[in-house]
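Source file: input_14.txt (compact mmCIF, C-alpha atoms)
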# COMPACT_ATOMS: atom_id res chain seq x y z
CA MET D 17 9.03 -26.60 -4.06
CA GLU D 18 11.25 -24.02 -5.74
CA LYS D 19 12.57 -21.35 -3.41
CA PHE D 20 14.15 -17.96 -3.79
CA ASP D 21 17.58 -17.82 -2.23
CA SER D 22 17.49 -15.88 1.00
CA THR D 23 19.87 -12.97 0.44
CA GLU D 24 21.21 -10.20 2.62
CA ARG D 25 18.42 -8.02 1.21
CA THR D 26 15.50 -10.45 1.32
CA ARG D 27 16.10 -12.38 4.52
CA VAL D 28 13.31 -11.64 7.01
CA ARG D 29 15.24 -10.61 10.12
CA ARG D 30 12.54 -9.59 12.56
CA LEU D 31 10.28 -12.55 13.36
CA PRO D 32 11.98 -14.89 10.86
CA LYS D 33 9.16 -17.43 11.19
CA ARG D 34 6.99 -15.01 9.24
CA GLY D 35 9.37 -15.17 6.27
CA ALA D 36 8.55 -17.27 3.20
CA TYR D 37 10.79 -17.86 0.22
CA GLU D 38 8.80 -20.38 -1.85
CA ARG D 39 8.25 -19.08 -5.33
CA ASP D 40 4.58 -20.13 -5.40
CA VAL D 41 3.86 -18.38 -2.08
CA VAL D 42 5.45 -15.17 -3.36
CA TYR D 43 3.62 -15.44 -6.70
CA ALA D 44 0.23 -16.04 -5.08
CA ILE D 45 0.61 -12.74 -3.21
CA LEU D 46 1.77 -10.91 -6.33
CA ASP D 47 -1.16 -12.33 -8.27
CA GLU D 48 -3.74 -11.23 -5.71
CA GLY D 49 -2.43 -7.69 -5.43
CA PHE D 50 -2.24 -5.14 -8.21
CA ILE D 51 -0.80 -2.06 -6.50
CA CYS D 52 2.84 -1.97 -5.54
CA HIS D 53 5.01 0.64 -3.88
CA VAL D 54 8.18 1.27 -5.84
CA GLY D 55 11.23 2.48 -3.95
CA PHE D 56 14.18 4.12 -5.67
CA VAL D 57 16.94 6.56 -4.83
CA VAL D 58 17.72 9.90 -6.46
CA GLU D 59 20.81 11.67 -5.14
CA GLY D 60 20.63 9.75 -1.88
CA GLN D 61 16.97 10.55 -1.31
CA PRO D 62 14.49 7.64 -1.20
CA TYR D 63 11.21 7.93 -3.10
CA VAL D 64 8.23 5.60 -2.70
CA ILE D 65 5.60 5.75 -5.43
CA PRO D 66 2.44 3.63 -5.73
CA THR D 67 1.64 2.14 -9.12
CA GLY D 68 -0.16 -0.77 -10.77
CA TYR D 69 1.74 -3.88 -11.74
CA ALA D 70 1.36 -7.37 -13.15
CA ARG D 71 3.33 -10.55 -12.80
CA ALA D 72 4.09 -12.24 -16.12
CA GLY D 73 5.98 -15.47 -15.61
CA ASP D 74 9.15 -14.71 -13.69
CA THR D 75 8.99 -10.96 -14.20
CA LEU D 76 7.12 -8.09 -12.65
CA LEU D 77 5.81 -5.48 -15.08
CA ILE D 78 5.12 -1.83 -14.41
CA HIS D 79 4.23 0.87 -16.90
CA GLY D 80 3.39 4.49 -17.24
CA SER D 81 4.07 7.67 -19.12
CA ALA D 82 7.40 7.96 -20.87
CA ALA D 83 7.57 11.35 -19.11
CA SER D 84 7.38 9.78 -15.64
CA ARG D 85 10.46 10.52 -13.61
CA MET D 86 10.16 7.27 -11.72
CA LEU D 87 10.15 5.20 -14.90
CA ARG D 88 13.00 7.16 -16.43
CA VAL D 89 15.10 6.70 -13.29
CA LEU D 90 14.34 2.97 -13.14
CA GLN D 91 15.06 2.59 -16.84
CA GLY D 92 18.59 3.70 -16.04
CA GLY D 93 19.12 0.34 -14.34
CA VAL D 94 19.26 1.51 -10.74
CA ASP D 95 18.49 -0.66 -7.75
CA VAL D 96 14.80 -0.81 -7.03
CA CYS D 97 12.70 -2.25 -4.22
CA VAL D 98 9.11 -3.14 -5.09
CA THR D 99 6.77 -3.96 -2.21
CA VAL D 100 3.27 -5.42 -2.41
CA THR D 101 1.14 -5.50 0.73
CA LEU D 102 -2.17 -7.28 1.24
CA LEU D 103 -3.86 -6.36 4.49
CA ASP D 104 -5.96 -9.21 5.90
CA GLY D 105 -7.02 -8.06 9.32
CA LEU D 106 -6.54 -6.22 12.58
CA VAL D 107 -5.33 -8.48 15.37
CA LEU D 108 -6.79 -7.46 18.72
CA ALA D 109 -4.88 -8.85 21.66
CA ARG D 110 -5.60 -8.53 25.37
CA SER D 111 -2.53 -6.32 25.85
CA ALA D 112 -1.71 -3.22 23.84
CA PHE D 113 1.74 -4.63 23.16
CA HIS D 114 0.56 -7.75 21.34
CA HIS D 115 -1.77 -6.00 18.94
CA SER D 116 -0.79 -6.73 15.39
CA MET D 117 -2.07 -7.05 11.84
CA ASN D 118 -2.57 -10.01 9.60
CA TYR D 119 -0.97 -9.36 6.25
CA ARG D 120 0.88 -10.88 3.36
CA SER D 121 3.64 -8.81 1.81
CA VAL D 122 6.33 -9.33 -0.80
CA VAL D 123 9.52 -7.40 -1.43
CA VAL D 124 11.37 -7.68 -4.72
CA PHE D 125 14.85 -6.33 -5.32
CA GLY D 126 16.58 -5.91 -8.64
CA LYS D 127 17.06 -3.70 -11.64
CA ALA D 128 14.36 -3.09 -14.23
CA VAL D 129 14.79 -3.00 -17.99
CA ALA D 130 12.60 -1.23 -20.52
CA LEU D 131 10.76 -3.34 -23.09
CA GLU D 132 11.63 -1.84 -26.45
CA GLU D 133 10.27 -4.33 -28.97
CA PRO D 134 6.70 -3.29 -29.90
CA GLU D 135 5.38 -6.87 -29.74
CA LYS D 136 6.78 -7.47 -26.26
CA LYS D 137 5.53 -4.09 -25.17
CA ILE D 138 1.95 -4.66 -26.28
CA GLU D 139 2.01 -8.15 -24.79
CA ALA D 140 3.11 -6.62 -21.49
CA LEU D 141 0.40 -3.95 -21.62
CA ARG D 142 -2.16 -6.66 -22.24
CA ALA D 143 -0.80 -8.61 -19.25
CA LEU D 144 -1.02 -5.50 -17.06
CA SER D 145 -4.61 -4.89 -18.13
CA GLU D 146 -5.62 -8.53 -17.67
CA HIS D 147 -3.93 -8.70 -14.27
CA ILE D 148 -5.90 -5.73 -13.00
CA ILE D 149 -9.23 -6.44 -14.69
CA GLN D 150 -9.49 -9.70 -16.56
CA GLY D 151 -11.51 -9.60 -19.75
CA ARG D 152 -11.25 -5.86 -20.33
CA TRP D 153 -8.51 -5.76 -22.95
CA ASP D 154 -10.49 -7.50 -25.68
CA GLU D 155 -13.36 -5.01 -25.43
CA VAL D 156 -11.50 -1.71 -25.63
CA ARG D 157 -9.61 0.17 -28.30
CA GLU D 158 -6.01 -1.00 -28.36
CA PRO D 159 -3.18 1.52 -28.07
CA ASN D 160 -2.23 3.29 -31.28
CA LYS D 161 1.31 4.15 -32.37
CA LYS D 162 1.31 7.53 -30.64
CA GLU D 163 0.05 6.07 -27.37
CA MET D 164 2.62 3.27 -27.54
CA ASP D 165 5.37 5.84 -27.99
CA GLN D 166 4.12 7.72 -24.93
CA THR D 167 4.17 4.57 -22.81
CA LEU D 168 7.14 3.06 -21.05
CA VAL D 169 6.97 -0.55 -19.89
CA LEU D 170 9.56 -1.88 -17.47
CA SER D 171 10.26 -5.46 -16.58
CA LEU D 172 11.84 -6.47 -13.28
CA PRO D 173 13.13 -10.05 -13.09
CA LEU D 174 11.76 -11.99 -10.11
CA GLU D 175 15.12 -13.26 -8.98
CA GLU D 176 15.46 -11.81 -5.52
CA ALA D 177 12.25 -11.75 -3.51
CA SER D 178 10.69 -12.86 -0.28
CA ALA D 179 7.32 -12.83 1.45
CA LYS D 180 6.37 -11.98 4.99
CA ILE D 181 3.11 -13.32 6.33
CA ARG D 182 1.15 -13.13 9.56
CA THR D 183 -2.07 -15.08 10.01
CA GLY D 184 -4.26 -16.27 12.85
CA PRO D 185 -5.39 -15.06 16.26
CA PRO D 186 -3.47 -12.82 18.67
CA LEU D 187 -0.70 -14.32 20.76
CA ASP D 188 -0.97 -12.96 24.28
CA ASP D 189 1.19 -13.42 27.32
CA GLU D 190 -0.05 -16.46 29.19
CA GLU D 191 -1.31 -14.53 32.22
CA ASP D 192 -3.30 -12.10 30.04
CA TYR D 193 -5.61 -14.85 28.78
CA GLU D 194 -7.41 -14.48 32.10
CA LEU D 195 -8.44 -10.90 31.25
CA GLN D 196 -12.11 -10.39 30.46
CA VAL D 197 -11.50 -8.50 27.24
CA TRP D 198 -12.60 -9.45 23.74
CA ALA D 199 -9.74 -10.64 21.55
CA GLY D 200 -9.64 -11.85 17.99
CA VAL D 201 -9.33 -10.62 14.44
CA VAL D 202 -11.26 -8.01 12.48
CA PRO D 203 -10.89 -9.27 8.89
CA LEU D 204 -10.16 -6.65 6.24
CA LYS D 205 -10.57 -6.96 2.51
CA LEU D 206 -10.50 -4.71 -0.52
CA GLU D 207 -14.04 -4.96 -1.86
CA ALA D 208 -15.58 -3.69 -5.08
CA GLY D 209 -18.85 -1.78 -5.08
CA GLU D 210 -21.50 -1.32 -7.75
CA PRO D 211 -19.99 -0.03 -10.99
CA VAL D 212 -20.63 3.68 -11.60
CA ALA D 213 -21.37 4.42 -15.25
CA ASP D 214 -19.55 7.21 -17.05
CA PRO D 215 -22.02 10.12 -17.46
CA ARG D 216 -21.24 10.06 -21.20
CA LEU D 217 -21.97 6.34 -21.57
CA LYS D 218 -24.02 5.47 -24.65
CA PRO D 219 -27.54 4.45 -23.60
CA GLY D 220 -28.15 0.71 -23.38
CA THR D 221 -24.56 -0.19 -22.50
CA GLU D 222 -24.64 -2.53 -19.52
CA PRO D 223 -21.66 -3.08 -17.19
CA PRO D 224 -19.83 -6.30 -18.11
CA SER D 225 -19.58 -9.12 -15.55
CA TYR D 226 -15.89 -8.38 -14.86
CA ALA D 227 -16.98 -4.96 -13.59
CA ARG D 228 -20.20 -6.10 -11.87
CA ASP D 229 -18.54 -8.97 -10.00
CA TYR D 230 -15.03 -7.64 -9.62
CA ARG D 231 -12.95 -9.59 -7.17
CA ARG D 232 -9.32 -10.58 -6.72
CA ARG D 233 -8.46 -14.26 -6.95
CA MET U 15 -6.15 27.46 3.88
CA GLU U 16 -2.68 26.54 5.04
CA LYS U 17 -0.51 24.89 2.42
CA PHE U 18 2.68 22.88 2.42
CA ASP U 19 5.37 24.54 0.35
CA SER U 20 5.85 22.71 -2.91
CA THR U 21 9.47 21.57 -2.86
CA GLU U 22 11.74 19.86 -5.33
CA ARG U 23 10.81 16.58 -3.64
CA THR U 24 7.07 17.06 -3.19
CA ARG U 25 6.05 18.87 -6.35
CA VAL U 26 3.75 16.64 -8.42
CA ARG U 27 5.44 16.67 -11.83
CA ARG U 28 3.39 14.25 -13.88
CA LEU U 29 -0.20 15.50 -14.19
CA PRO U 30 0.34 18.48 -11.88
CA LYS U 31 -3.42 19.11 -11.69
CA ARG U 32 -3.61 15.99 -9.51
CA GLY U 33 -1.30 17.54 -6.94
CA ALA U 34 -2.64 18.99 -3.69
CA TYR U 35 -0.66 20.84 -1.05
CA GLU U 36 -3.35 21.98 1.39
CA ARG U 37 -2.58 20.73 4.86
CA ASP U 38 -6.17 19.65 5.54
CA VAL U 39 -6.34 17.66 2.29
CA VAL U 40 -3.10 15.85 3.17
CA TYR U 41 -4.27 15.26 6.74
CA ALA U 42 -7.65 13.86 5.70
CA ILE U 43 -5.85 11.21 3.64
CA LEU U 44 -3.43 10.42 6.46
CA ASP U 45 -6.34 10.13 8.88
CA GLU U 46 -8.28 7.72 6.70
CA GLY U 47 -5.34 5.39 6.06
CA PHE U 48 -3.39 3.49 8.67
CA ILE U 49 -0.80 1.57 6.64
CA CYS U 50 2.13 3.43 5.15
CA HIS U 51 5.08 2.31 3.06
CA VAL U 52 8.35 3.58 4.48
CA GLY U 53 11.26 4.11 2.09
CA PHE U 54 14.84 4.38 3.29
CA VAL U 55 18.31 3.77 1.94
CA VAL U 56 21.00 1.45 3.27
CA GLU U 57 24.31 1.55 1.42
CA GLY U 58 22.66 2.92 -1.70
CA GLN U 59 19.93 0.25 -1.73
CA PRO U 60 16.31 1.39 -1.34
CA TYR U 61 14.02 -0.54 1.01
CA VAL U 62 10.24 -0.19 1.18
CA ILE U 63 8.55 -1.62 4.27
CA PRO U 64 4.82 -1.51 5.13
CA THR U 65 3.87 -0.53 8.66
CA GLY U 66 1.08 1.03 10.68
CA TYR U 67 1.12 4.72 11.51
CA ALA U 68 -0.85 7.52 13.10
CA ARG U 69 -0.98 11.23 12.60
CA ALA U 70 -0.74 13.22 15.83
CA GLY U 71 -0.99 16.93 15.18
CA ASP U 72 1.76 17.91 12.78
CA THR U 73 3.72 14.68 13.14
CA LEU U 74 3.47 11.19 11.77
CA LEU U 75 4.16 8.40 14.25
CA ILE U 76 5.43 4.92 13.54
CA HIS U 77 6.52 2.28 16.00
CA GLY U 78 7.80 -1.23 16.30
CA SER U 79 10.35 -3.45 17.92
CA ALA U 80 13.56 -1.83 19.14
CA ALA U 81 15.23 -4.68 17.23
CA SER U 82 13.71 -3.61 13.90
CA ARG U 83 16.38 -2.67 11.40
CA MET U 84 14.09 -0.17 9.73
CA LEU U 85 13.45 1.71 12.96
CA ARG U 86 17.11 1.64 13.96
CA VAL U 87 18.12 3.01 10.56
CA LEU U 88 15.47 5.74 10.69
CA GLN U 89 16.42 6.62 14.25
CA GLY U 90 19.83 7.55 12.87
CA GLY U 91 18.22 10.60 11.26
CA VAL U 92 18.43 9.52 7.63
CA ASP U 93 16.17 10.81 4.90
CA VAL U 94 12.91 8.93 4.75
CA CYS U 95 9.97 8.90 2.36
CA VAL U 96 6.65 7.75 3.79
CA THR U 97 3.84 7.06 1.34
CA VAL U 98 0.17 6.42 2.13
CA THR U 99 -2.10 5.21 -0.66
CA LEU U 100 -5.89 4.91 -0.57
CA LEU U 101 -7.29 3.09 -3.57
CA ASP U 102 -10.76 4.29 -4.51
CA GLY U 103 -11.56 2.62 -7.81
CA LEU U 104 -10.65 1.18 -11.17
CA VAL U 105 -11.29 3.63 -13.99
CA LEU U 106 -12.45 1.83 -17.12
CA ALA U 107 -12.06 3.90 -20.25
CA ARG U 108 -13.03 3.07 -23.84
CA SER U 109 -9.38 2.85 -24.87
CA ALA U 110 -6.73 0.74 -23.13
CA PHE U 111 -4.52 3.82 -22.93
CA HIS U 112 -6.90 5.90 -20.83
CA HIS U 113 -7.53 3.26 -18.17
CA SER U 114 -6.59 4.58 -14.77
CA MET U 115 -7.27 4.30 -11.08
CA ASN U 116 -8.95 6.63 -8.64
CA TYR U 117 -6.76 7.08 -5.61
CA ARG U 118 -5.61 9.49 -2.95
CA SER U 119 -1.97 9.30 -1.93
CA VAL U 120 0.37 11.29 0.25
CA VAL U 121 4.15 11.41 0.30
CA VAL U 122 6.02 12.78 3.28
CA PHE U 123 9.74 13.54 3.30
CA GLY U 124 11.90 14.25 6.28
CA LYS U 125 13.94 12.79 9.08
CA ALA U 126 12.42 10.93 12.01
CA VAL U 127 13.38 11.25 15.66
CA ALA U 128 12.89 8.69 18.41
CA LEU U 129 10.64 9.60 21.31
CA GLU U 130 12.68 8.95 24.44
CA GLU U 131 10.58 10.43 27.23
CA PRO U 132 8.30 7.69 28.65
CA GLU U 133 5.28 9.99 28.86
CA LYS U 134 5.60 11.09 25.23
CA LYS U 135 6.18 7.52 24.18
CA ILE U 136 3.07 6.14 25.88
CA GLU U 137 1.02 9.04 24.54
CA ALA U 138 2.26 8.20 21.05
CA LEU U 139 1.46 4.51 21.47
CA ARG U 140 -2.02 5.44 22.57
CA ALA U 141 -2.39 7.69 19.51
CA LEU U 142 -1.24 4.84 17.24
CA SER U 143 -3.73 2.46 18.80
CA GLU U 144 -6.59 4.96 18.67
CA HIS U 145 -5.78 5.86 15.07
CA ILE U 146 -6.03 2.24 13.98
CA ILE U 147 -8.93 1.14 16.17
CA GLN U 148 -10.59 3.83 18.20
CA GLY U 149 -11.73 2.79 21.67
CA ARG U 150 -9.43 -0.18 22.05
CA TRP U 151 -6.70 1.32 24.21
CA ASP U 152 -8.88 1.83 27.28
CA GLU U 153 -9.96 -1.82 27.35
CA VAL U 154 -6.62 -3.59 27.12
CA ARG U 155 -3.64 -4.05 29.39
CA GLU U 156 -1.26 -1.12 28.96
CA PRO U 157 2.40 -1.75 28.13
CA ASN U 158 4.61 -2.58 31.10
CA LYS U 159 8.17 -1.37 31.58
CA LYS U 160 9.74 -4.28 29.73
CA GLU U 161 7.40 -3.88 26.76
CA MET U 162 8.08 -0.15 26.65
CA ASP U 163 11.80 -0.81 26.57
CA GLN U 164 11.30 -3.20 23.66
CA THR U 165 9.34 -0.63 21.69
CA LEU U 166 10.72 2.16 19.56
CA VAL U 167 8.47 5.07 18.61
CA LEU U 168 9.54 7.48 15.88
CA SER U 169 8.08 10.84 15.06
CA LEU U 170 8.35 12.38 11.60
CA PRO U 171 7.47 16.09 11.38
CA LEU U 172 4.84 16.86 8.75
CA GLU U 173 6.80 19.69 7.18
CA GLU U 174 7.32 18.51 3.64
CA ALA U 175 4.40 16.62 2.15
CA SER U 176 2.02 16.58 -0.77
CA ALA U 177 -1.02 14.67 -1.95
CA LYS U 178 -1.89 13.28 -5.36
CA ILE U 179 -5.52 12.61 -6.13
CA ARG U 180 -7.52 11.25 -9.04
CA THR U 181 -11.31 11.16 -8.90
CA GLY U 182 -14.18 10.85 -11.32
CA PRO U 183 -15.00 9.10 -14.58
CA PRO U 184 -12.57 8.12 -17.33
CA LEU U 185 -11.39 10.78 -19.75
CA ASP U 186 -11.41 9.36 -23.25
CA ASP U 187 -10.32 10.77 -26.56
CA GLU U 188 -13.28 12.57 -28.09
CA GLU U 189 -13.75 10.14 -30.97
CA ASP U 190 -13.76 7.13 -28.63
CA TYR U 191 -16.96 8.27 -26.91
CA GLU U 192 -18.76 6.83 -29.94
CA LEU U 193 -17.57 3.30 -29.11
CA GLN U 194 -20.22 0.94 -27.78
CA VAL U 195 -18.21 -0.18 -24.79
CA TRP U 196 -19.09 0.18 -21.12
CA ALA U 197 -17.04 2.82 -19.35
CA GLY U 198 -17.05 4.03 -15.79
CA VAL U 199 -15.61 3.31 -12.39
CA VAL U 200 -15.53 0.16 -10.27
CA PRO U 201 -15.36 1.58 -6.71
CA LEU U 202 -12.94 -0.12 -4.33
CA LYS U 203 -12.88 0.08 -0.57
CA LEU U 204 -11.17 -1.66 2.30
CA GLU U 205 -14.05 -3.29 4.17
CA ALA U 206 -14.15 -5.03 7.52
CA GLY U 207 -15.85 -8.40 7.92
CA GLU U 208 -17.40 -10.08 10.96
CA PRO U 209 -14.96 -10.22 13.88
CA VAL U 210 -13.42 -13.65 14.42
CA ALA U 211 -13.08 -14.50 18.10
CA ASP U 212 -9.80 -15.81 19.48
CA PRO U 213 -10.22 -19.57 20.13
CA ARG U 214 -9.05 -18.92 23.70
CA LEU U 215 -11.59 -16.16 24.34
CA LYS U 216 -13.30 -16.40 27.73
CA PRO U 217 -16.95 -17.46 27.28
CA GLY U 218 -19.49 -14.65 27.30
CA THR U 219 -17.11 -12.00 25.94
CA GLU U 220 -18.88 -10.19 23.11
CA PRO U 221 -17.05 -8.25 20.38
CA PRO U 222 -17.14 -4.52 21.16
CA SER U 223 -18.79 -2.13 18.72
CA TYR U 224 -15.45 -0.80 17.43
CA ALA U 225 -14.73 -4.33 16.20
CA ARG U 226 -18.27 -5.18 15.02
CA ASP U 227 -18.71 -1.96 13.04
CA TYR U 228 -15.13 -1.21 12.09
CA ARG U 229 -14.81 1.43 9.46
CA ARG U 230 -12.42 4.20 8.49
CA ARG U 231 -13.63 7.78 8.75

Transcribe the structure of this file into structure tokens.
Amino acid sequence: MEKFDSTERTRVRRLPKRGAYERDVVYAILDEGFICHVGFVVEGQPYVIPTGYARAGDTLLIHGSAASRMLRVLQGGVDVCVTVTLLDGLVLARSAFHHSMNYRSVVVFGKAVALEEPEKKIEALRALSEHIIQGRWDEVREPNKKEMDQTLVLSLPLEEASAKIRTGPPLDDEEDYELQVWAGVVPLKLEAGEPVADPRLKPGTEPPSYARDYRRR
Amino acid sequence: MEKFDSTERTRVRRLPKRGAYERDVVYAILDEGFICHVGFVVEGQPYVIPTGYARAGDTLLIHGSAASRMLRVLQGGVDVCVTVTLLDGLVLARSAFHHSMNYRSVVVFGKAVALEEPEKKIEALRALSEHIIQGRWDEVREPNKKEMDQTLVLSLPLEEASAKIRTGPPLDDEEDYELQVWAGVVPLKLEAGEPVADPRLKPGTEPPSYARDYRRR
């Protein structure tokens, strides 16, 4: 199984048994999520901004307005840290100390580059749309020239990344298992509700199945 | 209504109408979430790490192992950016370009300090526990001396913060409203499932209501 090299930046130091470096483990997390938190530095100050993303092959794509400061900073080829976190549950132990959460997270380090070629750019925008809501792209109006010019798409190579994962029940101190207190996991999941139609929707337009039955893989 | 000052770091530049600086708006978002993404810089490299948090009055609390690099770095009084993101829905427009998400996010800037005094520390740990799962603290074994020594609690003053919020239906270009394509919002929410008992649970221990009916305010 192909692995990312564990680097000074990606090595999971605390609780190293939670670290995972297999490319398919990292990609499965990236493919389930669609919101990342992008960290970058401006004049020594860290900024963390949430944004949508997609994985396309061995790259991570993000996009936004060409006027976005974050994208303009990243386009300059600075070091970036992109973190994706999937929260799977609250872990209730018998002691306060051993409470925890079940989660799967990925950190990616690297430098992003802007996609300039119109064909690559539209392909990336399609990938972003399909990653977030599969089936949507083919039904909507595609971006026109003006919209393309207003959009910046950045690609971050997936070369330096690692995952950190916690699963399963709480792990209590041996003597605490005698305590008469409920322990276990409260599972958590991002769930979609009933689609809410735009008030200006044309009558007779039904929500498509990708909106009615939205779920992450 | 009391407002945070809009600073160079917190002013919402892109789509300024989405910015909010009222303290109670920021606090309501912080109180609903319980996972933040902490951004800090080590030797010019940004890191973004997910962790639990609580708001206690006008401070944000985070905690973890005294061996955690993140906490040790932050304890040094470096600049930190803490971001909390609540995802509320996918916004499906008639054009690819106007697709968006509904969300409520907060960024906090500042420098954290470690809580040293045992009483303040235990009070903070209780606040963290209660913030994440209200009612739990009183039922579990409290931290002992050794566990307290292994735990670092940091407090970040809520002095420089802002929120960014998008709500409501898509906003399409006027001519696109004629298109016969479904448009609207797919609501998203972090939902709790049925509690899963620890395999080593003592027989006859029922899940408490805070686990059975877990929800965020």

Against chain U, which residues of chain D fall within 6 Å? For each one I want the closest pair of atoms and the distance in Å (one decimal), counting only C-alpha atoms, rows by chain and increasing residue number, as CSV.
residue,atom,partner,partner_atom,distance
D:Gly55,CA,U:Pro60,CA,5.8
D:Phe56,CA,U:Pro60,CA,5.5
D:Pro62,CA,U:Phe54,CA,5.6
D:Tyr63,CA,U:Cys95,CA,5.7
D:Val64,CA,U:Gly53,CA,5.9
D:Cys97,CA,U:Tyr61,CA,5.7
D:Arg110,CA,U:Val154,CA,5.3
D:Ser111,CA,U:Arg155,CA,4.3
D:Ala112,CA,U:Glu156,CA,5.6
D:Phe113,CA,U:Pro157,CA,5.8
D:Val156,CA,U:Ser109,CA,5.1
D:Arg157,CA,U:Ser109,CA,4.4
D:Glu158,CA,U:Ala110,CA,5.6
D:Pro159,CA,U:Phe111,CA,5.8
D:Pro185,CA,U:Asp212,CA,5.5
D:Trp198,CA,U:Thr219,CA,5.6
D:Ala199,CA,U:Asp212,CA,5.6
D:Gly200,CA,U:Asp212,CA,4.2
D:Val201,CA,U:Val210,CA,5.1
D:Val202,CA,U:Pro209,CA,4.5
D:Pro203,CA,U:Gly207,CA,5.1
D:Leu204,CA,U:Ala206,CA,4.5
D:Lys205,CA,U:Glu205,CA,5.3
D:Leu206,CA,U:Leu204,CA,4.2
D:Glu207,CA,U:Lys203,CA,5.3
D:Ala208,CA,U:Leu202,CA,4.5
D:Gly209,CA,U:Pro201,CA,5.1
D:Pro211,CA,U:Val200,CA,4.5
D:Val212,CA,U:Val199,CA,5.1
D:Ala213,CA,U:Gly198,CA,4.4
D:Asp214,CA,U:Gly198,CA,4.2
D:Thr221,CA,U:Trp196,CA,5.7
D:Pro223,CA,U:Trp196,CA,5.7

Gap from atom CA of Glu175 of chain D to atom CA of Glu139 of chain D - Å, one decimal: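 For atom CA of Glu175 of chain D relative to atom CA of Glu139 of chain D, the distance reads 21.2 Å.
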
Determine, counting all atoms listed in the file, which protein, DNA and RNA residues have an atom within 8 Å of an atom of Lys17 of chain U; residues of the same chain fewer than 3 positions away are not included. Present the result as an MDAnalysis selection string. chainID U and resid 35:37

Go ahead and compute the interatomic distance for atom CA of Ala140 of chain D and atom CA of Ala44 of chain D, in Å to one decimal.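 Between atom CA of Ala140 of chain D and atom CA of Ala44 of chain D the gap works out to 19.1 Å.
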
Please indicate the distance in Å from atom CA of Leu87 of chain D to atom CA of Gly90 of chain U, rounded to one decimal place.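 Going from atom CA of Leu87 of chain D over to atom CA of Gly90 of chain U, I get 29.5 Å.
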